[in-house]
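Below is one structure, written out as structure tokens, with a few remarks after it.
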Amino acid sequence: MIQARTKSPDETRALAGELAPLTVPGDTVLLAGGLGSGKTVFAQGFGRGLGVVEPITSPTFIIVRGYEGRMPLFHLDVYRLDQMQELIDLGMSEMLDEGGVALIEWGDRVEPALPPDFLEVRIEPGDAEDDRTLRFRAVGPRWPARLDALRRAFDLWTVEE
């Protein structure tokens, strides 16, 4: 587990931008946290790190948005899904088979329907209004091998647990 702290939305975007180059086609990044915690802000920085040039907005009402960068980015918001089967019906496995990376807001709500490998990013408000604590948890065999690279990439923001 890696823990980091950011002091502004720009810092959260910058940290997320450092994660993007460490992703490979087929990766899933799960974003967890309450309303207003910064999941979409994180997605914006992640997208920039992938080279996405168009604005990244929350896909709350359309569930999934696709973006082109160095690889396809599929940004999902599963808050409005009632059943896990709906995530499967969206064709997430096909999205990943297309060589993209999936970034899933509220992903902890559908964790049992996710691929067996993912990186969970839990975002929580800090003491000040724009402070955020981010906890990174690697699940499955693909992500733990990259934890050292993640620690180096997040060095400016890493804090002891």
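Each chain of the structure tokens is named A, B, ... in the order shown, its residues numbered from 1; ligands are numbered from 1 in display order.
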Review point. Got a sec to tell me which of chain A DSSP assigns to strand (DSSP E), as a ChimeraX atom specification?
Key: /A:2-6,28-32,64-67,73-77,101-105,118-125,132-139
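Among the candidates A:Tyr67, A:Trp106, A:Phe42, A:Phe118, the residue lying nearest to Leu134 of chain A is A:Phe42 (atoms considered: only C-alpha atoms).
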**Study point:** Spatial neighbours of Leu30 of chain A, 7 Å, only C-alpha atoms, chain gap at least 3 places, as a list in words
**Key:**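 Neighbouring residues, sequence-local ones excluded: Leu103, Ile104, Glu105, Gly107, Asp108, Phe118, Leu119, Glu120 and Val121 of chain A.
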Residues of the last selection are to be written out with N, CA and C atoms, as a compact mmCIF listing (two decimals), in the first residue's frame.
# COMPACT_ATOMS: atom_id res chain seq x y z
N LEU A 103 -10.50 3.37 -16.30
CA LEU A 103 -10.48 4.16 -15.08
C LEU A 103 -11.92 4.19 -14.59
N ILE A 104 -12.20 3.58 -13.42
CA ILE A 104 -13.58 3.37 -13.00
C ILE A 104 -13.88 4.12 -11.70
N GLU A 105 -14.67 5.20 -11.81
CA GLU A 105 -15.12 5.92 -10.62
C GLU A 105 -16.18 5.09 -9.92
N GLY A 107 -15.59 2.45 -8.44
CA GLY A 107 -15.28 1.06 -8.78
C GLY A 107 -15.39 0.10 -7.61
N ASP A 108 -15.25 0.59 -6.37
CA ASP A 108 -15.38 -0.30 -5.22
C ASP A 108 -16.78 -0.89 -5.12
N PHE A 118 -6.15 -5.14 -10.61
CA PHE A 118 -6.46 -3.72 -10.71
C PHE A 118 -5.68 -2.97 -9.64
N LEU A 119 -5.62 -1.66 -9.84
CA LEU A 119 -5.03 -0.77 -8.85
C LEU A 119 -6.18 0.04 -8.26
N GLU A 120 -6.36 -0.06 -6.95
CA GLU A 120 -7.37 0.76 -6.28
C GLU A 120 -6.73 2.05 -5.80
N VAL A 121 -7.39 3.17 -6.11
CA VAL A 121 -6.97 4.48 -5.63
C VAL A 121 -8.11 5.00 -4.77
Point to revise | Contacts of segment 47-64 of chain A within 9 Å, only C-alpha atoms, excl. fewer than 3 positions in-chain, as a count of residues only | key: 33
Practice item. Can you list, as a ChimeraX atom specification, all residues belonging to chain A that DSSP tags as helix (DSSP H, G or I)? Key: /A:9-22,39-49,84-89,92-97,107-113,144-153
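Interatomic distance, atom CA of Thr28 of chain A against atom CA of Ala113 of chain A: 11.9 Å.
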Practice item. Between A:Ala32, A:Thr6, A:Pro116, A:Gly38, single out the one closest to Phe136 of chain A, counting only C-alpha atoms. Key: A:Ala32
Practice item. Quote the spacing between atom CA of Arg109 of chain A and atom CA of Leu35 of chain A in Å to one decimal place. Key: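 If I compute the distance from atom CA of Arg109 of chain A to atom CA of Leu35 of chain A, I get 13.5 Å.
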Review point. Which is closest to Val29 of chain A among A:Ala145, A:Ile2, A:Ala138, A:Ala102, if we use only C-alpha atoms?
Key: A:Ala102
**Study point:** Distance in Å - atom CA of Gly100 of chain A versus atom CA of Asp117 of chain A
**Key:**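 Atom CA of Gly100 of chain A sits 14.4 Å away from atom CA of Asp117 of chain A.
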Review point. Of the candidates A:Leu150, A:Leu114, A:Leu156, A:Ile123, which one gets nearest to Gly33 of chain A if we count only C-alpha atoms?
Key: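 For Gly33 of chain A, the nearest of the given residues is A:Ile123.
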